[in-house]
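Participant: Take a look at this one; I'll ask things after.
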Amino acid sequence: MVKTTLAINAGSSSVKVSVYKAGETGEAPLHIADAQIAGLTAPPATLTYERDSEEIIKLESTNKGLTEIADRENITHACHRMVHGGDYPEAHVVDSDTYHHLEDLTDLAPLHNASALAIVKGCTRILRKAKNVAYFDSSFHATIPEAVRTYPIDPEHAQKNKLRKYGFQGISYAFITRAVAGYLKRTKVKPASLLYT
């Protein structure tokens with residue numbers, strides 16, 4: 001069985017999916033394809049599909065598609081980018097409790113979390129053997145000091161409505177800090193809290 005992972009990024013008006021095939025033990029997964037549906041909120045929607053860095057405009061009858069995902073059971077993980085994870089400091093496997101917690105946060109990121117959760121629900125229903133994992137833009141900033149993340153408003157109102165500075169684009173920041181650390185040959189990456197001191 002070929003083990004395959006989907007990386008899914010539900011934006012406010014588009015959905016991007018990248019497909020990865022598991023590498024040998026200890027090796028990074030192999031990127032094999034990308035698909036994107038854009039213009040979901042401003043039709044007409046457009047679909048682009050790339051495989052092996054070649055954009056495929058039209059799938060002809062002789063095109064067999066991706067054999068790695070022809071059988072749904074080959075898809076072992078569906079990894080979802082979520083803008084808002086609230087107080088979750090790291091990625092979470094999405095079970096029923098996690099799903100409902102994220103649903104409660106939808107008002108804090110209405111253009112993104114709702115569409116991402118709809119895709120999680122679809123993956124749970126269609127890819128029954130795949131593990132759904134949510135990665136949060138807000139996680140990178142989970143160590144923001146309380147004095148920095150607190151708004152100067154009524155504390156009870158803020159706590160009741162989960163109003164505080166969370167920080168976003170954290171998945172990008174985490175990638176950048178790892179890449180820079182690698183370039184500088186540094187093994188330790190400093191936590192986000194040090195960015196705010």
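We label chains A, B, ... in the order they appear in the structure tokens, count residues from 1 in each chain, and number ligands from 1 in the order shown.
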Please provide as a PyMOL selection string all residues within 8 Å of His112 in chain A, with the sequence filter that same-chain residues fewer than 6 positions apart are discarded (counting only C-alpha atoms).
Facilitator: chain A and resi 10-12+82-83
Participant: Go through range 64-166 of chain A and flag each residue having an atom no more than 12 Å from range 33-39 of chain A; for those, report the closest pair of atoms plus their distance in Å to one decimal, using only C-alpha atoms, ordered by chain and rising number, as a tab-separated table.
Facilitator:
```
residue	atom	partner	partner_atom	distance
A:Gly65	CA	A:Ala33	CA	10.3
A:Leu66	CA	A:Ala33	CA	8.4
A:Thr67	CA	A:Ala33	CA	11.5
A:Glu68	CA	A:Ala33	CA	10.3
A:Ile69	CA	A:Ala33	CA	10.7
```
Participant: Hey, what's within 9 Å of His80 in chain A if we count only C-alpha atoms and toss same-chain stuff fewer than 5 positions away? As a CSV table (one decimal) with N, CA, C and O atoms, in the first residue's frame, please?
Facilitator:
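Contents of part.csv, freshly written:
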```
chain,number,residue,atom,x,y,z
A,6,LEU,N,-2.6,14.2,2.4
A,6,LEU,CA,-3.1,15.4,1.7
A,6,LEU,C,-2.8,16.6,2.7
A,6,LEU,O,-3.1,16.5,3.9
A,7,ALA,N,-2.3,17.7,2.1
A,7,ALA,CA,-2.2,18.9,2.8
A,7,ALA,C,-3.2,19.9,2.3
A,7,ALA,O,-3.2,20.2,1.1
A,8,ILE,N,-4.2,20.3,3.1
A,8,ILE,CA,-5.3,21.1,2.6
A,8,ILE,C,-5.3,22.4,3.2
A,8,ILE,O,-5.3,22.6,4.5
A,9,ASN,N,-5.4,23.4,2.4
A,9,ASN,CA,-5.5,24.8,2.8
A,9,ASN,C,-6.7,25.5,2.3
A,9,ASN,O,-6.8,25.8,1.2
A,10,ALA,N,-7.7,25.6,3.2
A,10,ALA,CA,-9.0,26.2,2.9
A,10,ALA,C,-8.9,27.7,3.1
A,10,ALA,O,-8.8,28.1,4.3
A,116,ALA,N,-12.7,25.6,6.5
A,116,ALA,CA,-11.8,24.5,6.8
A,116,ALA,C,-12.5,23.4,7.6
A,116,ALA,O,-12.3,22.2,7.3
A,117,LEU,N,-13.4,23.7,8.5
A,117,LEU,CA,-14.2,22.7,9.2
A,117,LEU,C,-15.1,21.9,8.3
A,117,LEU,O,-15.3,20.7,8.5
A,119,ILE,N,-14.5,21.1,5.3
A,119,ILE,CA,-13.6,20.2,4.6
A,119,ILE,C,-13.2,19.1,5.6
A,119,ILE,O,-13.1,17.9,5.2
A,120,VAL,N,-12.9,19.4,6.8
A,120,VAL,CA,-12.6,18.4,7.8
A,120,VAL,C,-13.7,17.4,7.9
A,120,VAL,O,-13.5,16.2,7.9
A,132,ASN,N,-7.3,12.9,10.5
A,132,ASN,CA,-7.4,14.3,10.2
A,132,ASN,C,-6.6,15.1,11.3
A,132,ASN,O,-6.8,14.9,12.5
A,133,VAL,N,-5.7,15.9,10.9
A,133,VAL,CA,-4.8,16.7,11.8
A,133,VAL,C,-4.9,18.2,11.4
A,133,VAL,O,-4.8,18.6,10.3
A,134,ALA,N,-5.2,19.0,12.4
A,134,ALA,CA,-5.3,20.5,12.2
A,134,ALA,C,-4.0,21.1,12.7
A,134,ALA,O,-3.5,20.9,13.7
A,135,TYR,N,-3.5,22.0,11.8
A,135,TYR,CA,-2.4,22.8,12.1
A,135,TYR,C,-2.8,24.3,12.1
A,135,TYR,O,-3.5,24.7,11.2
A,136,PHE,N,-2.5,25.0,13.1
A,136,PHE,CA,-3.1,26.3,13.4
A,136,PHE,C,-2.1,27.5,13.1
A,136,PHE,O,-0.9,27.4,13.6
```
Participant: Determine, counting only C-alpha atoms, which protein, DNA and RNA residues have an atom within 10 Å of an atom of Gly23 in chain A; residues of the same chain fewer than 6 positions away are not included. Present the result as a list of chain:residue names.
Facilitator: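 Contacts, with the query itself left out: A:Val2, A:Lys3, A:Thr4, A:Pro29, A:Leu30, A:His31.
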Participant: Please produce a file of those selected residues containing N, CA, C and O atoms, as a tab-separated table (two decimals), in the first residue's frame.
Facilitator:
```tsv
chain	number	residue	atom	x	y	z
A	2	VAL	N	0.57	2.19	-0.87
A	2	VAL	CA	1.28	3.47	-0.92
A	2	VAL	C	0.63	4.41	0.09
A	2	VAL	O	-0.58	4.66	0.02
A	3	LYS	N	1.40	4.89	1.05
A	3	LYS	CA	0.86	5.80	2.05
A	3	LYS	C	0.93	7.22	1.52
A	3	LYS	O	1.98	7.69	1.11
A	4	THR	N	-0.22	7.90	1.54
A	4	THR	CA	-0.33	9.23	0.96
A	4	THR	C	-0.91	10.21	1.97
A	4	THR	O	-1.78	9.84	2.76
A	29	PRO	N	8.59	13.31	3.01
A	29	PRO	CA	7.60	12.87	2.01
A	29	PRO	C	7.90	13.48	0.65
A	29	PRO	O	8.47	14.56	0.55
A	30	LEU	N	7.49	12.79	-0.40
A	30	LEU	CA	7.71	13.24	-1.77
A	30	LEU	C	6.47	13.98	-2.28
A	30	LEU	O	5.36	13.42	-2.29
A	31	HIS	N	6.65	15.23	-2.66
A	31	HIS	CA	5.55	16.04	-3.20
A	31	HIS	C	5.25	15.57	-4.62
A	31	HIS	O	6.13	15.56	-5.46
```
Participant: Would you pick out the contacts of Tyr88 in chain A at 12 Å or less, using only C-alpha atoms, so that residues sharing its chain but fewer than 6 positions from it are not included, and give the list as a PyMOL selection string?
Facilitator: chain A and resi 82+98+101-102+105+134-143+166
Participant: Export all heavy atoms of the chosen residues as a short mmCIF file (atom, residue, chain, number, x, y, z; two decimals), in the first residue's frame?
Facilitator:
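result-v4.cif, freshly written:
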```cif
data_model
loop_
_atom_site.label_atom_id
_atom_site.label_comp_id
_atom_site.auth_asym_id
_atom_site.auth_seq_id
_atom_site.Cartn_x
_atom_site.Cartn_y
_atom_site.Cartn_z
N MET A 82 -5.59 25.53 9.60
CA MET A 82 -6.69 26.26 10.23
C MET A 82 -6.11 27.59 10.71
O MET A 82 -5.06 27.63 11.33
CB MET A 82 -7.24 25.50 11.44
CG MET A 82 -7.73 24.09 11.16
SD MET A 82 -9.41 23.99 10.55
CE MET A 82 -10.34 24.70 11.84
N THR A 98 -12.37 18.05 19.60
CA THR A 98 -11.56 19.08 18.94
C THR A 98 -12.40 19.81 17.90
O THR A 98 -12.36 21.03 17.80
CB THR A 98 -10.32 18.46 18.27
OG1 THR A 98 -9.58 17.73 19.24
CG2 THR A 98 -9.43 19.52 17.66
N HIS A 101 -14.72 22.21 19.58
CA HIS A 101 -13.97 23.34 20.14
C HIS A 101 -13.63 24.34 19.02
O HIS A 101 -13.77 25.55 19.20
CB HIS A 101 -12.69 22.84 20.82
CG HIS A 101 -11.83 23.94 21.33
ND1 HIS A 101 -12.15 24.71 22.43
CD2 HIS A 101 -10.64 24.44 20.87
CE1 HIS A 101 -11.21 25.61 22.64
NE2 HIS A 101 -10.29 25.48 21.71
N LEU A 102 -13.18 23.83 17.88
CA LEU A 102 -12.84 24.70 16.75
C LEU A 102 -14.08 25.38 16.18
O LEU A 102 -14.02 26.53 15.75
CB LEU A 102 -12.11 23.90 15.67
CG LEU A 102 -10.76 23.34 16.09
CD1 LEU A 102 -10.20 22.41 15.01
CD2 LEU A 102 -9.78 24.46 16.40
N LEU A 105 -14.84 28.51 17.84
CA LEU A 105 -13.93 29.62 17.53
C LEU A 105 -14.22 30.28 16.18
O LEU A 105 -13.55 31.23 15.79
CB LEU A 105 -12.48 29.12 17.51
CG LEU A 105 -11.95 28.54 18.82
CD1 LEU A 105 -10.58 27.91 18.59
CD2 LEU A 105 -11.89 29.61 19.89
N ALA A 134 -5.22 19.02 12.43
CA ALA A 134 -5.34 20.47 12.21
C ALA A 134 -4.05 21.15 12.66
O ALA A 134 -3.54 20.88 13.75
CB ALA A 134 -6.53 21.02 12.98
N TYR A 135 -3.53 22.02 11.79
CA TYR A 135 -2.35 22.84 12.07
C TYR A 135 -2.83 24.29 12.10
O TYR A 135 -3.49 24.73 11.17
CB TYR A 135 -1.29 22.65 10.99
CG TYR A 135 -0.68 21.27 11.02
CD1 TYR A 135 -1.31 20.21 10.39
CD2 TYR A 135 0.51 21.03 11.70
CE1 TYR A 135 -0.77 18.94 10.44
CE2 TYR A 135 1.06 19.76 11.74
CZ TYR A 135 0.42 18.72 11.11
OH TYR A 135 0.96 17.46 11.16
N PHE A 136 -2.47 25.02 13.15
CA PHE A 136 -3.05 26.33 13.38
C PHE A 136 -2.07 27.46 13.13
O PHE A 136 -0.93 27.43 13.62
CB PHE A 136 -3.55 26.42 14.82
CG PHE A 136 -4.45 25.28 15.20
CD1 PHE A 136 -4.00 24.29 16.06
CD2 PHE A 136 -5.72 25.18 14.67
CE1 PHE A 136 -4.81 23.23 16.40
CE2 PHE A 136 -6.54 24.11 15.00
CZ PHE A 136 -6.08 23.13 15.87
N ASP A 137 -2.52 28.50 12.43
CA ASP A 137 -1.72 29.71 12.26
C ASP A 137 -1.44 30.38 13.59
O ASP A 137 -0.42 31.05 13.76
CB ASP A 137 -2.44 30.71 11.35
CG ASP A 137 -2.13 30.49 9.88
OD1 ASP A 137 -1.18 29.75 9.57
OD2 ASP A 137 -2.84 31.06 9.05
N SER A 138 -2.34 30.21 14.54
CA SER A 138 -2.19 30.88 15.83
C SER A 138 -1.22 30.15 16.77
O SER A 138 -0.79 30.73 17.77
CB SER A 138 -3.56 31.04 16.50
OG SER A 138 -4.22 29.79 16.57
N SER A 139 -0.85 28.92 16.49
CA SER A 139 -0.01 28.14 17.42
C SER A 139 1.38 28.73 17.61
O SER A 139 1.91 28.71 18.72
CB SER A 139 0.14 26.70 16.92
OG SER A 139 -1.08 26.03 17.01
N PHE A 140 1.99 29.21 16.55
CA PHE A 140 3.35 29.75 16.65
C PHE A 140 3.43 30.85 17.70
O PHE A 140 4.45 31.04 18.36
CB PHE A 140 3.79 30.28 15.28
CG PHE A 140 5.17 30.88 15.27
CD1 PHE A 140 6.29 30.08 15.17
CD2 PHE A 140 5.34 32.25 15.34
CE1 PHE A 140 7.56 30.62 15.15
CE2 PHE A 140 6.62 32.81 15.32
CZ PHE A 140 7.74 31.98 15.23
N HIS A 141 2.33 31.58 17.86
CA HIS A 141 2.30 32.73 18.76
C HIS A 141 1.73 32.39 20.15
O HIS A 141 1.43 33.28 20.93
CB HIS A 141 1.48 33.86 18.14
CG HIS A 141 1.95 34.23 16.78
ND1 HIS A 141 3.05 35.03 16.57
CD2 HIS A 141 1.48 33.90 15.55
CE1 HIS A 141 3.24 35.20 15.27
NE2 HIS A 141 2.30 34.52 14.63
N ALA A 142 1.61 31.10 20.45
CA ALA A 142 0.99 30.69 21.72
C ALA A 142 1.76 31.16 22.94
O ALA A 142 1.20 31.23 24.04
CB ALA A 142 0.84 29.17 21.75
N THR A 143 3.02 31.51 22.77
CA THR A 143 3.84 31.94 23.92
C THR A 143 3.90 33.46 24.07
O THR A 143 4.72 33.96 24.83
CB THR A 143 5.26 31.37 23.79
OG1 THR A 143 5.83 31.82 22.55
CG2 THR A 143 5.26 29.85 23.84
N TYR A 166 -3.96 36.90 19.32
CA TYR A 166 -3.53 35.52 19.10
C TYR A 166 -2.28 35.44 18.23
O TYR A 166 -1.44 34.59 18.42
CB TYR A 166 -4.65 34.69 18.46
CG TYR A 166 -5.79 34.39 19.41
CD1 TYR A 166 -6.90 35.22 19.47
CD2 TYR A 166 -5.74 33.28 20.24
CE1 TYR A 166 -7.94 34.95 20.34
CE2 TYR A 166 -6.77 32.99 21.11
CZ TYR A 166 -7.88 33.82 21.16
OH TYR A 166 -8.89 33.54 22.03
#
```
Participant: With DSSP run on the backbone, what are the strand (DSSP E) residues within range 14-126 of chain A? I'd like them as a PyMOL selection string.
Facilitator: chain A and resi 15-21+30-38+46-51+54-55+75-82+92-93
Participant: Could you give me, as a PDB file with N, CA and C atoms, in the first residue's frame, the residues within 9 Å of Leu40 in chain A, counting only C-alpha atoms and dropping anything in the same chain fewer than 6 positions from it?
Facilitator:
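Produced file out-v4.pdb, reproduced below:
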```
ATOM      1  N   SER A  12     -10.231  31.892   2.220  1.00  0.00           N
ATOM      2  CA  SER A  12     -11.535  32.551   2.237  1.00  0.00           C
ATOM      3  C   SER A  12     -12.251  32.428   0.899  1.00  0.00           C
ATOM      4  N   SER A  13     -11.498  32.227  -0.198  1.00  0.00           N
ATOM      5  CA  SER A  13     -12.140  32.121  -1.513  1.00  0.00           C
ATOM      6  C   SER A  13     -11.526  31.013  -2.375  1.00  0.00           C
ATOM      7  N   SER A  14     -10.670  30.189  -1.782  1.00  0.00           N
ATOM      8  CA  SER A  14     -10.040  29.124  -2.557  1.00  0.00           C
ATOM      9  C   SER A  14      -9.721  27.942  -1.657  1.00  0.00           C
ATOM     10  N   VAL A  15      -9.448  26.818  -2.291  1.00  0.00           N
ATOM     11  CA  VAL A  15      -8.991  25.620  -1.580  1.00  0.00           C
ATOM     12  C   VAL A  15      -7.800  25.073  -2.344  1.00  0.00           C
ATOM     13  N   THR A  46     -12.277  28.467 -10.810  1.00  0.00           N
ATOM     14  CA  THR A  46     -11.315  27.855 -11.736  1.00  0.00           C
ATOM     15  C   THR A  46     -10.548  26.750 -11.017  1.00  0.00           C
TER      16      THR A  46
END
```
Participant: Residues within 6 Å of His77 in chain A, please, as a list in words. Count only C-alpha atoms; anything in the same chain fewer than 5 positions from it doesn't count.
Facilitator: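 With the cut-off at 6 Å, the set is Thr5, Ala130, Lys131 and Asn132 of chain A.
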Participant: Would you save the residues from that selection as a PDB file, in the first residue's frame, using C-alpha atoms?
Facilitator:
```pdb
ATOM      1  CA  THR A   5      -0.914  12.503   2.814  1.00  0.00           C
ATOM      2  CA  ALA A 130      -7.374   8.777   7.326  1.00  0.00           C
ATOM      3  CA  LYS A 131      -6.316  10.694  10.418  1.00  0.00           C
ATOM      4  CA  ASN A 132      -7.366  14.345  10.240  1.00  0.00           C
TER       5      ASN A 132
END
```
Participant: Tell me, in Å to one decimal, how far CA of Gly170 in chain A is from CA of Asn113 in chain A.
Facilitator: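 The value is 15.1 Å.
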Participant: So which residues of range 9-194 of chain A fall under alpha helix (DSSP H) by DSSP, listed as a ChimeraX atom specification?
Facilitator: /A:96-104,113-126,146-149,155-160,170-183
Participant: Which is closer to Thr106 in chain A than all the others in A:Lys162, A:Arg178, A:Arg51, A:Lys121, using only C-alpha atoms?
Facilitator: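 Of the candidates, the smallest distance to Thr106 in chain A is held by A:Lys162.
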Participant: May I ask which of the residues A:Pro152, A:Pro43, A:Pro145, A:Gly85 is the closest one to His100 in chain A, counting only C-alpha atoms?
Facilitator: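 Smallest separation from His100 in chain A among the options: A:Gly85.
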